[in-house]
$ cat coords10.txt   # compact mmCIF, C-alpha atoms and all ligand atoms
# COMPACT_ATOMS: atom_id res chain seq x y z
CA MET Q 1312 -213.94 18.89 45.65
CA GLU Q 1313 -215.20 16.52 48.30
CA ASN Q 1314 -218.12 15.11 46.41
CA PRO Q 1315 -219.67 15.29 42.95
CA SER Q 1316 -222.72 16.86 44.58
CA LEU Q 1317 -220.56 19.97 44.34
CA LEU Q 1318 -220.27 19.62 40.57
CA PRO Q 1319 -218.95 21.17 38.42
CA ALA Q 1320 -215.99 22.65 40.31
CA PHE Q 1321 -213.23 20.18 40.94
CA THR Q 1322 -209.58 20.26 41.68
CA ARG Q 1323 -206.55 18.06 41.52
CA ARG Q 1324 -206.72 15.72 44.50
CA ALA Q 1325 -205.25 12.44 45.57
CA ILE Q 1326 -207.72 9.59 45.24
CA THR Q 1327 -207.69 6.08 46.55
CA VAL Q 1328 -209.55 3.32 44.86
CA LEU Q 1329 -211.39 1.00 47.24
CA MET Q 1330 -211.67 -1.66 44.58
CA LEU Q 1331 -207.92 -1.96 44.65
CA PHE Q 1332 -208.12 -3.23 48.18
CA ALA Q 1333 -209.79 -6.19 46.68
CA THR Q 1334 -206.71 -6.99 44.69
CA GLY Q 1335 -204.23 -5.70 47.24
CA LEU Q 1336 -203.08 -2.94 44.91
CA VAL Q 1337 -203.54 0.01 47.21
CA THR Q 1338 -202.45 3.10 45.36
CA ASN Q 1339 -203.05 6.78 45.31
CA VAL Q 1340 -203.65 8.26 41.92
CA LEU Q 1341 -204.16 11.82 40.88
CA ALA Q 1342 -207.35 12.95 39.26
CA ALA Q 1343 -205.69 15.19 36.71
CA THR Q 1344 -208.22 17.34 35.02
CA SER Q 1345 -209.27 20.91 35.03
CA SER Q 1346 -212.36 20.91 32.84
CA GLY Q 1347 -215.96 20.82 34.11
CA TRP Q 1348 -218.56 18.08 34.18
CA ASP Q 1349 -220.69 17.56 31.08
CA ILE Q 1350 -224.21 17.48 32.54
CA ALA Q 1351 -227.50 16.63 30.80
CA LYS Q 1352 -231.09 16.34 32.02
CA ILE Q 1353 -232.81 13.11 30.98
CA ASP Q 1354 -236.28 12.02 32.16
CA GLY Q 1355 -236.13 14.54 34.99
CA HIS Q 1356 -232.79 13.26 36.30
CA GLU Q 1357 -229.41 14.93 36.01
CA TYR Q 1358 -226.81 12.87 34.22
CA VAL Q 1359 -223.06 13.30 33.68
CA SER Q 1360 -221.22 12.08 30.63
CA VAL Q 1361 -218.98 9.07 30.82
CA GLU Q 1362 -216.36 11.19 29.05
CA SER Q 1363 -216.23 13.64 31.97
CA MET Q 1364 -216.04 10.70 34.41
CA LYS Q 1365 -213.07 9.45 32.42
CA GLN Q 1366 -211.29 12.77 32.94
CA PHE Q 1367 -212.15 13.21 36.60
CA TYR Q 1368 -211.28 9.69 37.71
CA ASN Q 1369 -208.23 9.48 35.48
CA PHE Q 1370 -209.34 6.58 33.31
CA THR Q 1371 -206.99 6.24 30.36
CA LYS Q 1372 -209.36 4.65 27.92
CA ILE Q 1373 -213.03 4.27 26.97
CA SER Q 1374 -213.90 1.43 24.63
CA ARG Q 1375 -217.27 0.66 23.06
CA SER Q 1376 -218.56 -2.54 21.59
CA GLY Q 1377 -222.27 -2.78 20.86
CA SER Q 1378 -224.04 -1.59 24.01
CA SER Q 1379 -220.99 -2.28 26.19
CA ILE Q 1380 -218.92 0.67 27.46
CA ILE Q 1381 -215.65 0.02 29.28
CA LEU Q 1382 -213.63 2.61 31.20
CA GLU Q 1383 -210.24 1.50 32.34
CA ASN Q 1384 -206.87 2.43 33.70
CA ALA Q 1385 -204.07 0.33 35.12
CA LYS Q 1386 -205.96 -0.31 38.37
CA ILE Q 1387 -209.65 -0.40 37.61
CA GLU Q 1388 -212.03 -1.54 34.95
CA MET Q 1389 -215.60 -0.22 34.93
CA LYS Q 1390 -218.07 -1.92 32.59
CA LEU Q 1391 -221.37 -0.22 31.76
CA ASN Q 1392 -224.18 -1.15 29.41
CA ALA Q 1393 -226.12 1.45 27.42
CA GLY Q 1394 -229.71 1.31 28.68
CA GLY Q 1395 -228.74 -1.11 31.47
CA ASN Q 1396 -228.62 -0.78 35.27
CA GLU Q 1397 -225.68 -3.04 35.94
CA CYS Q 1398 -222.17 -1.76 36.46
CA LEU Q 1399 -219.17 -4.00 37.00
CA MET Q 1400 -216.19 -2.47 38.80
CA ASN Q 1401 -213.26 -4.88 38.86
CA ASN Q 1402 -215.81 -7.62 38.28
CA VAL Q 1403 -217.99 -6.76 41.30
CA LYS Q 1404 -221.57 -6.06 40.27
CA PHE Q 1405 -223.44 -2.89 41.30
CA VAL Q 1406 -227.05 -2.18 40.41
CA PHE Q 1407 -227.47 1.46 39.40
CA SER Q 1408 -230.51 3.47 40.49
CA ASN Q 1409 -231.02 4.71 36.92
CA PRO Q 1410 -230.07 3.09 33.62
CA VAL Q 1411 -227.09 4.34 31.64
CA ALA Q 1412 -228.51 6.80 29.08
CA MET Q 1413 -227.38 7.68 25.57
CA ILE Q 1414 -227.57 11.04 23.82
CA GLY Q 1415 -226.46 10.39 20.28
CA ASP Q 1416 -223.43 8.20 20.77
CA LYS Q 1417 -222.47 9.75 24.13
CA ALA Q 1418 -223.12 7.70 27.25
CA TYR Q 1419 -224.37 9.28 30.50
CA VAL Q 1420 -224.58 8.06 34.11
CA SER Q 1421 -227.12 9.55 36.52
CA ARG Q 1422 -225.80 11.98 39.05
CA VAL Q 1423 -227.22 9.95 41.97
CA ASP Q 1424 -225.23 6.93 40.78
CA LEU Q 1425 -222.13 9.05 40.36
CA ALA Q 1426 -222.40 10.84 43.71
CA LYS Q 1427 -223.81 7.98 45.82
CA LEU Q 1428 -222.13 4.97 44.26
CA ILE Q 1429 -219.22 5.51 41.89
CA ASP Q 1430 -217.54 8.31 43.83
CA PRO Q 1431 -217.51 6.71 47.30
CA VAL Q 1432 -216.37 3.42 45.77
CA LEU Q 1433 -213.55 5.04 43.82
CA ARG Q 1434 -212.58 7.57 46.49
CA PRO Q 1435 -213.39 6.04 49.91
CA ASN Q 1436 -210.81 8.18 51.67
CA PHE Q 1437 -212.95 11.24 50.87
CA ILE Q 1438 -215.73 9.83 53.08
CA GLN Q 1439 -215.86 11.97 56.20
CA ASN Q 1440 -215.33 10.56 59.71
CA ALA Q 1441 -215.86 6.93 58.73
CA GLY Q 1442 -212.61 5.21 59.68
CA ASP Q 1443 -212.47 5.75 63.42
CA PHE Q 1444 -214.59 2.77 64.57
CA ARG Q 1445 -213.54 -0.21 66.69
CA THR Q 1446 -217.06 -1.51 67.30
CA VAL Q 1447 -219.03 -3.78 65.00
CA VAL Q 1448 -222.71 -4.56 65.53
CA ILE Q 1449 -223.54 -7.97 64.05
CA ASP Q 1450 -227.21 -8.67 63.47
CA PRO Q 1451 -228.07 -12.32 62.77
CA GLY Q 1452 -231.47 -11.98 61.05
CA HIS Q 1453 -234.66 -13.65 62.34
CA GLY Q 1454 -234.72 -16.05 65.34
CA GLY Q 1455 -237.15 -17.54 67.86
CA LYS Q 1456 -240.67 -17.70 66.45
CA ASP Q 1457 -239.35 -16.31 63.14
CA PRO Q 1458 -237.08 -18.91 61.47
CA GLY Q 1459 -236.71 -16.89 58.23
CA ALA Q 1460 -236.22 -19.00 55.12
CA THR Q 1461 -236.34 -22.76 55.73
CA ASN Q 1462 -235.54 -25.95 53.86
CA SER Q 1463 -235.18 -29.63 54.77
CA LEU Q 1464 -231.65 -29.06 56.10
CA GLY Q 1465 -232.25 -26.15 58.44
CA ASN Q 1466 -233.48 -22.64 59.18
CA GLU Q 1467 -232.11 -19.34 58.03
CA SER Q 1468 -232.15 -18.03 61.62
CA ASP Q 1469 -229.70 -20.78 62.68
CA TYR Q 1470 -227.38 -20.27 59.70
CA ASN Q 1471 -227.37 -16.52 60.35
CA LEU Q 1472 -226.39 -17.16 63.96
CA LYS Q 1473 -223.62 -19.62 63.03
CA VAL Q 1474 -222.01 -17.20 60.59
CA ALA Q 1475 -222.43 -14.30 63.03
CA GLY Q 1476 -220.69 -16.31 65.76
CA LEU Q 1477 -217.72 -17.01 63.48
CA VAL Q 1478 -217.53 -13.33 62.56
CA ARG Q 1479 -217.61 -12.32 66.23
CA THR Q 1480 -214.77 -14.67 67.20
CA GLN Q 1481 -212.53 -13.52 64.36
CA LEU Q 1482 -213.24 -9.82 64.85
CA GLN Q 1483 -212.51 -10.08 68.57
CA LEU Q 1484 -209.17 -11.72 67.77
CA LYS Q 1485 -208.39 -8.64 65.66
CA GLY Q 1486 -209.20 -6.32 68.53
CA PHE Q 1487 -212.69 -5.22 67.54
CA LYS Q 1488 -215.48 -4.86 70.07
CA VAL Q 1489 -218.44 -6.90 68.83
CA ILE Q 1490 -222.04 -6.39 69.82
CA MET Q 1491 -224.57 -9.00 68.68
CA THR Q 1492 -228.23 -8.06 68.41
CA ARG Q 1493 -228.86 -11.69 69.48
CA ASP Q 1494 -226.54 -14.58 70.29
CA SER Q 1495 -229.18 -17.25 70.84
CA ASP Q 1496 -232.38 -18.40 69.17
CA ILE Q 1497 -234.61 -15.57 70.35
CA TYR Q 1498 -237.10 -13.40 68.53
CA LEU Q 1499 -236.33 -9.69 68.08
CA SER Q 1500 -238.47 -7.25 66.14
CA LEU Q 1501 -236.78 -5.14 63.49
CA GLN Q 1502 -237.27 -2.07 65.69
CA GLU Q 1503 -235.59 -3.85 68.62
CA ARG Q 1504 -232.58 -4.53 66.38
CA VAL Q 1505 -232.45 -0.86 65.40
CA ASN Q 1506 -232.75 0.19 69.05
CA LEU Q 1507 -229.93 -2.14 70.12
CA ALA Q 1508 -227.67 -0.77 67.38
CA ASN Q 1509 -228.55 2.84 68.10
CA ALA Q 1510 -227.84 2.39 71.81
CA VAL Q 1511 -224.19 2.02 70.73
CA LYS Q 1512 -222.97 5.60 71.05
CA GLU Q 1513 -219.39 5.13 69.91
CA SER Q 1514 -218.52 4.97 66.18
CA ALA Q 1515 -219.56 1.58 64.85
CA ILE Q 1516 -220.71 -0.26 61.75
CA TYR Q 1517 -223.72 -2.57 61.42
CA VAL Q 1518 -223.77 -5.81 59.44
CA SER Q 1519 -227.01 -7.77 59.15
CA ILE Q 1520 -226.56 -11.40 58.09
CA HIS Q 1521 -229.25 -13.29 56.17
CA PHE Q 1522 -229.79 -16.13 53.73
CA ASN Q 1523 -232.27 -15.89 50.93
CA SER Q 1524 -235.29 -17.65 49.51
CA GLY Q 1525 -236.75 -17.54 46.02
CA SER Q 1526 -237.42 -19.79 43.06
CA ARG Q 1527 -235.48 -23.07 42.85
CA ALA Q 1528 -233.31 -21.50 40.14
CA ALA Q 1529 -232.35 -18.38 42.13
CA ARG Q 1530 -228.84 -18.50 43.56
CA GLY Q 1531 -225.92 -16.33 44.62
CA ILE Q 1532 -225.14 -13.53 47.03
CA GLU Q 1533 -226.44 -9.99 47.15
CA THR Q 1534 -225.69 -7.08 49.45
CA PHE Q 1535 -228.14 -4.30 50.20
CA THR Q 1536 -227.49 -0.72 51.25
CA LEU Q 1537 -230.09 1.92 52.01
CA SER Q 1538 -231.55 3.61 48.93
CA PRO Q 1539 -230.36 7.21 48.69
CA PRO Q 1540 -233.17 9.81 48.81
CA GLY Q 1541 -235.16 9.64 45.58
CA VAL Q 1542 -234.26 6.00 44.88
CA ALA Q 1543 -236.81 3.19 45.21
CA HIS Q 1544 -236.47 -0.11 47.08
CA TYR Q 1545 -234.96 -2.72 44.74
CA GLY Q 1546 -237.62 -4.23 42.50
CA SER Q 1547 -240.36 -1.85 43.71
CA ASP Q 1548 -241.99 1.06 41.92
CA TRP Q 1549 -240.88 4.50 42.98
CA LYS Q 1550 -243.15 6.21 45.56
CA ALA Q 1551 -243.25 9.81 46.78
CA THR Q 1552 -242.02 8.74 50.24
CA ASP Q 1553 -238.80 7.51 48.58
CA ASN Q 1554 -237.79 11.18 48.43
CA GLN Q 1555 -237.68 11.37 52.23
CA THR Q 1556 -234.27 11.27 53.86
CA ARG Q 1557 -233.93 8.44 56.42
CA VAL Q 1558 -231.63 8.29 59.43
CA GLY Q 1559 -229.36 5.86 57.57
CA ASN Q 1560 -228.89 8.26 54.66
CA GLU Q 1561 -226.44 10.19 56.80
CA HIS Q 1562 -223.98 7.45 55.90
CA ASP Q 1563 -224.80 6.93 52.21
CA SER Q 1564 -221.16 7.06 51.15
CA ALA Q 1565 -219.91 4.82 53.96
CA ASN Q 1566 -222.79 2.39 53.36
CA ILE Q 1567 -221.84 1.76 49.75
CA ALA Q 1568 -218.12 1.58 50.54
CA LEU Q 1569 -218.78 -1.00 53.28
CA ALA Q 1570 -221.05 -3.00 50.97
CA THR Q 1571 -218.42 -2.95 48.23
CA SER Q 1572 -215.75 -4.26 50.55
CA VAL Q 1573 -217.91 -7.02 52.08
CA HIS Q 1574 -219.54 -8.13 48.84
CA GLY Q 1575 -216.26 -8.21 46.89
CA SER Q 1576 -214.46 -10.03 49.67
CA ILE Q 1577 -217.11 -12.78 49.92
CA LEU Q 1578 -217.21 -13.19 46.14
CA ARG Q 1579 -213.49 -13.82 46.10
CA ARG Q 1580 -213.71 -16.31 48.98
CA LEU Q 1581 -216.56 -18.28 47.42
CA GLY Q 1582 -215.26 -18.15 43.85
CA LYS Q 1583 -217.17 -20.57 41.64
CA ASN Q 1584 -219.37 -21.60 44.57
CA THR Q 1585 -221.50 -18.51 44.20
CA PHE Q 1586 -223.06 -16.14 41.70
CA ASP Q 1587 -222.83 -12.33 41.91
CA ARG Q 1588 -226.35 -10.89 42.15
CA GLY Q 1589 -224.91 -7.47 42.87
CA ILE Q 1590 -224.92 -4.64 45.38
CA LYS Q 1591 -228.45 -3.26 45.51
CA ARG Q 1592 -230.50 -0.48 47.11
CA ALA Q 1593 -233.25 -1.26 49.58
CA ARG Q 1594 -235.43 0.40 52.20
CA PHE Q 1595 -235.34 -2.39 54.78
CA SER Q 1596 -236.14 -0.89 58.17
CA VAL Q 1597 -232.82 -1.85 59.74
CA LEU Q 1598 -230.98 -0.02 56.95
CA SER Q 1599 -233.29 3.00 57.22
CA GLY Q 1600 -233.18 3.32 60.99
CA VAL Q 1601 -229.66 2.48 62.14
CA THR Q 1602 -227.44 5.48 62.93
CA HIS Q 1603 -224.23 3.67 61.90
CA PRO Q 1604 -223.02 2.72 58.41
CA ALA Q 1605 -225.09 -0.38 57.67
CA ILE Q 1606 -225.43 -3.21 55.17
CA LEU Q 1607 -227.56 -6.32 54.85
CA LEU Q 1608 -225.97 -9.40 53.33
CA GLU Q 1609 -227.91 -12.26 51.74
CA GLY Q 1610 -225.36 -15.08 51.71
CA GLY Q 1611 -227.09 -17.53 49.35
CA PHE Q 1612 -230.42 -19.23 48.69
CA LEU Q 1613 -231.85 -21.91 50.97
CA THR Q 1614 -234.33 -22.65 48.18
CA HIS Q 1615 -231.68 -23.61 45.60
CA PRO Q 1616 -231.06 -27.38 45.81
CA TYR Q 1617 -227.27 -27.18 45.43
CA GLU Q 1618 -226.71 -23.88 47.25
CA ALA Q 1619 -228.77 -25.18 50.19
CA ARG Q 1620 -226.18 -27.93 50.66
CA LEU Q 1621 -223.33 -25.46 50.38
CA ILE Q 1622 -224.90 -23.24 53.05
CA GLU Q 1623 -225.10 -26.29 55.34
CA ASN Q 1624 -221.35 -26.87 54.83
CA PRO Q 1625 -219.18 -25.34 57.59
CA ASP Q 1626 -216.53 -24.41 54.99
CA TYR Q 1627 -219.05 -22.24 53.18
CA GLN Q 1628 -220.09 -20.61 56.46
CA LYS Q 1629 -216.42 -19.97 57.28
CA ALA Q 1630 -215.82 -18.46 53.84
CA ILE Q 1631 -218.67 -15.99 54.34
CA ALA Q 1632 -217.54 -15.12 57.86
CA GLY Q 1633 -213.90 -14.77 56.79
CA GLY Q 1634 -214.96 -12.57 53.90
CA ILE Q 1635 -216.89 -10.25 56.22
CA VAL Q 1636 -213.98 -10.03 58.68
CA ASP Q 1637 -211.39 -9.31 55.97
CA ALA Q 1638 -213.68 -6.75 54.42
CA ILE Q 1639 -214.23 -4.84 57.65
CA GLY Q 1640 -210.47 -4.37 58.11
CA LYS Q 1641 -210.00 -3.29 54.49
CA TYR Q 1642 -212.98 -0.97 54.63
CA ARG Q 1643 -211.67 0.72 57.76
CA PHE Q 1644 -208.31 1.29 56.14
CA ALA Q 1645 -209.89 2.51 52.91
CA VAL Q 1646 -212.05 5.15 54.59
CA SER Q 1647 -209.33 6.38 56.93
CA PRO Q 1648 -207.83 9.69 55.82
CA LYS Q 1649 -204.42 9.29 54.19
CA PRO Q 1650 -201.66 11.88 54.21
CA ALA Q 1651 -201.47 13.66 50.86
CA PRO Q 1652 -198.57 12.46 48.70
CA ALA Q 1653 -195.53 14.71 48.92
CA THR Q 1654 -195.51 15.20 45.15
CA GLN Q 1655 -199.05 16.50 45.01
CA ASN Q 1656 -199.38 19.93 43.45
ZN ZN Q 1701 -233.67 -13.15 56.17

$ encode --input "coords10.txt" --output "structure tokens"
Amino acid sequence: MENPSLLPAFTRRAITVLMLFATGLVTNVLAATSSGWDIAKIDGHEYVSVESMKQFYNFTKISRSGSSIILENAKIEMKLNAGGNECLMNNVKFVFSNPVAMIGDKAYVSRVDLAKLIDPVLRPNFIQNAGDFRTVVIDPGHGGKDPGATNSLGNESDYNLKVAGLVRTQLQLKGFKVIMTRDSDIYLSLQERVNLANAVKESAIYVSIHFNSGSRAARGIETFTLSPPGVAHYGSDWKATDNQTRVGNEHDSANIALATSVHGSILRRLGKNTFDRGIKRARFSVLSGVTHPAILLEGGFLTHPYEARLIENPDYQKAIAGGIVDAIGKYRFAVSPKPAPATQN
């Protein structure tokens, strides 16, 4: 089986766990099961039981404590919360499109979260034609007449450009071709950014770099990928147009795998100097319109008094840039097809 969208038939296949790249424990494991998926319909959505996920992804144990549900094996720990939208995989936070549901004492995860989030994160090497890129489009958000978020220390547009410049230098040293949507303080519309990216005809990925604004208490990093069809923009009510497939949905699996790699890598670089706000779904126009796998990173809040000073610090900027660069290399390896293990049956 290539994808849980083909549920319930599945076979014994080698799987690679992207999260393990985070810890350097790159391993193939066998999904050893021959039973089908346990599917239920809840509030109009299809759900699959956590028990059948345990079998398919070869988790060795499910433990429950209050509303907390933990699936684990030697390499990965997945924490879910009954009724909640947050999922932690190896301590990286993902925001599900639908809350974890309960039928009696059985927990269920929505099929869109299984097919569009859990599966590509756990099995990135099943993502088709994603690993053959050498080109990275870096999009420093805002610029020119649009400074983005501002505070007394500086403008978001300048911080975006600084981090983007560091990313470009490091990627070029690693042999990547880098295309910047802007490399000076100029204004570009969102559509111009999309057009620049889509003029790149070779395989590429697209990383948009931003810093955030919010209340004085809001802090931390978050990474956005395009909402799959049927899923609303983060924090917005669902609308009928959310069912429409966008250009960027062609790369749903690659989008979430790229976001996982970048988000996890930056979290590890920043350590206690950040807070994990999670990997979220959005319908930003650059994510909707770009023909390459695409993510949008928010690297911290200019409106938080302490984080604002961190963002001004070149070490913080280097940590974000280094995290992005590391993550791109790991992502490319993770989504490249691997030879099947000789012992596979
Ligand atoms: Zn911004």

$ closest_residue --input "coords10.txt" --among "Q:Ala1426, Q:Ile1490, Q:Ile1577, Q:Leu1472" --to "ligand ZN 1701 (chain Q)" --atoms "all atoms listed in the file"
Q:Leu1472

$ closest_residue --input "coords10.txt" --among "Q:Ser1514, Q:Ser1519, Q:Ser1463, Q:Thr1446" --to "ligand ZN 1701 (chain Q)" --atoms "only C-alpha atoms and all ligand atoms"
Q:Ser1519

$ residues_near_ligand --input "coords10.txt" --ligand "ligand ZN 1701 (chain Q)" --cutoff "7 Å" --atoms "all atoms listed in the file" --output "ChimeraX atom specification"
/Q:1452-1453,1459-1460,1467,1521-1523

$ write_last_selection --input "coords10.txt" --atoms "C-alpha atoms" --output "JSON list (two decimals), in the coordinates of the input"
[["chain", "number", "residue", "atom", "x", "y", "z"],
["Q", 1452, "GLY", "CA", -231.47, -11.98, 61.05],
["Q", 1453, "HIS", "CA", -234.66, -13.65, 62.34],
["Q", 1459, "GLY", "CA", -236.71, -16.89, 58.23],
["Q", 1460, "ALA", "CA", -236.22, -19.00, 55.12],
["Q", 1467, "GLU", "CA", -232.11, -19.34, 58.03],
["Q", 1521, "HIS", "CA", -229.25, -13.29, 56.17],
["Q", 1522, "PHE", "CA", -229.79, -16.13, 53.73],
["Q", 1523, "ASN", "CA", -232.27, -15.89, 50.93]]

$ closest_residue --input "coords10.txt" --among "Q:Arg1479, Q:Arg1422, Q:Lys1365, Q:His1574" --to "Ile1590 in chain Q" --atoms "all atoms listed in the file"
Q:His1574

$ closest_residue --input "coords10.txt" --among "Q:His1615, Q:Lys1404, Q:Arg1493, Q:Arg1530" --to "Glu1388 in chain Q" --atoms "all atoms listed in the file"
Q:Lys1404

$ atom_distance --input "coords10.txt" --atom1 "CA of Ser1363 in chain Q" --atom2 "CA of Gly1377 in chain Q"
20.7 Å

$ residues_around --input "coords10.txt" --residues "Ile1622 in chain Q" --least-positions-apart "4" --cutoff "8 Å" --atoms "only C-alpha atoms" --output "PDB file with C-alpha atoms, keeping the file's coordinate frame"
ATOM      1  CA  TYR Q1470    -227.380 -20.270  59.700  1.00  0.00           C
ATOM      2  CA  GLY Q1611    -227.090 -17.530  49.350  1.00  0.00           C
ATOM      3  CA  LEU Q1613    -231.850 -21.910  50.970  1.00  0.00           C
ATOM      4  CA  GLU Q1618    -226.710 -23.880  47.250  1.00  0.00           C
ATOM      5  CA  TYR Q1627    -219.050 -22.240  53.180  1.00  0.00           C
ATOM      6  CA  GLN Q1628    -220.090 -20.610  56.460  1.00  0.00           C
TER       7      GLN Q1628
END

$ atom_distance --input "coords10.txt" --atom1 "CA of Pro1604 in chain Q" --atom2 "CA of Leu1382 in chain Q"
28.8 Å

$ atom_distance --input "coords10.txt" --atom1 "CA of Asn1369 in chain Q" --atom2 "CA of Lys1591 in chain Q"
25.9 Å

$ residues_around --input "coords10.txt" --residues "Met1491 in chain Q" --least-positions-apart "5" --cutoff "9 Å" --atoms "only C-alpha atoms" --output "NGL selection string"
:Q and (1447-1451 or 1475-1476 or 1479 or 1507-1508)

$ closest_residue --input "coords10.txt" --among "Q:Ile1520, Q:Val1597, Q:Leu1477, Q:Leu1578" --to "Asn1402 in chain Q" --atoms "all atoms listed in the file"
Q:Leu1578

$ closest_residue --input "coords10.txt" --among "Q:Gly1589, Q:Gly1525, Q:Gly1486, Q:Gly1575" --to "Cys1398 in chain Q" --atoms "all atoms listed in the file"
Q:Gly1589

$ residues_near_point --input "coords10.txt" --point "(-210.7, 6.4, 39.5)" --cutoff "7 Å" --atoms "only C-alpha atoms" --output "ChimeraX atom specification"
/Q:1328,1368-1370,1433

$ residues_near_point --input "coords10.txt" --point "(-206.5, 4.2, 29.9)" --cutoff "6 Å" --atoms "all atoms listed in the file" --output "PDB file with C-alpha atoms, keeping the file's coordinate frame"
ATOM      1  CA  PHE Q1370    -209.340   6.580  33.310  1.00  0.00           C
ATOM      2  CA  THR Q1371    -206.990   6.240  30.360  1.00  0.00           C
ATOM      3  CA  LYS Q1372    -209.360   4.650  27.920  1.00  0.00           C
ATOM      4  CA  GLU Q1383    -210.240   1.500  32.340  1.00  0.00           C
ATOM      5  CA  ASN Q1384    -206.870   2.430  33.700  1.00  0.00           C
TER       6      ASN Q1384
END

$ axis_aligned_box --input "coords10.txt" --around "range 1455-1467 of chain Q" --padding-each-side "6 Å" --output "JSON"
{"center_x": -236.2, "center_y": -23.0, "center_z": 60.9, "size_x": 21.0, "size_y": 25.3, "size_z": 26.0}

$ residues_around --input "coords10.txt" --residues "Val1423 in chain Q" --least-positions-apart "6" --cutoff "9 Å" --atoms "only C-alpha atoms" --output "list in words"
Ser1316, His1356, Glu1357, Tyr1358, Phe1407, Ser1408, Asn1409, Pro1539, Gly1541 and Val1542 of chain Q

$ decode --input "coords10.txt" --residues "range 1564-1608 of chain Q" --atoms "C-alpha atoms" --output "tab-separated table (two decimals), in the first residue's frame"
chain	number	residue	atom	x	y	z
Q	1564	SER	CA	2.68	14.57	1.67
Q	1565	ALA	CA	5.94	16.32	0.82
Q	1566	ASN	CA	4.68	19.55	2.43
Q	1567	ILE	CA	4.13	17.94	5.81
Q	1568	ALA	CA	7.37	15.96	5.64
Q	1569	LEU	CA	9.32	19.15	4.85
Q	1570	ALA	CA	7.56	21.03	7.65
Q	1571	THR	CA	8.33	18.23	10.10
Q	1572	SER	CA	12.00	18.27	9.24
Q	1573	VAL	CA	12.38	22.07	9.39
Q	1574	HIS	CA	10.26	22.59	12.49
Q	1575	GLY	CA	11.92	19.76	14.44
Q	1576	SER	CA	15.39	20.88	13.42
Q	1577	ILE	CA	14.83	24.49	14.55
Q	1578	LEU	CA	13.29	23.35	17.83
Q	1579	ARG	CA	16.39	21.34	18.60
Q	1580	ARG	CA	18.70	24.24	17.69
Q	1581	LEU	CA	16.81	26.77	19.80
Q	1582	GLY	CA	16.17	24.45	22.75
Q	1583	LYS	CA	14.92	26.41	25.75
Q	1584	ASN	CA	15.05	29.65	23.75
Q	1585	THR	CA	11.77	28.85	22.06
Q	1586	PHE	CA	8.35	27.33	22.56
Q	1587	ASP	CA	6.77	24.77	20.21
Q	1588	ARG	CA	3.51	26.19	18.83
Q	1589	GLY	CA	3.26	23.29	16.41
Q	1590	ILE	CA	2.98	22.43	12.75
Q	1591	LYS	CA	-0.31	23.85	11.49
Q	1592	ARG	CA	-2.50	23.98	8.39
Q	1593	ALA	CA	-3.12	27.23	6.57
Q	1594	ARG	CA	-4.43	28.57	3.27
Q	1595	PHE	CA	-1.87	31.35	2.81
Q	1596	SER	CA	-1.72	32.21	-0.88
Q	1597	VAL	CA	1.95	31.30	-1.27
Q	1598	LEU	CA	1.23	27.82	0.11
Q	1599	SER	CA	-1.87	27.44	-2.08
Q	1600	GLY	CA	-0.29	28.62	-5.31
Q	1601	VAL	CA	3.28	27.35	-5.41
Q	1602	THR	CA	3.86	24.26	-7.56
Q	1603	HIS	CA	6.72	22.97	-5.37
Q	1604	PRO	CA	6.56	21.45	-1.87
Q	1605	ALA	CA	6.17	24.54	0.31
Q	1606	ILE	CA	6.19	25.63	3.94
Q	1607	LEU	CA	5.94	28.93	5.79
Q	1608	LEU	CA	7.98	29.33	8.96
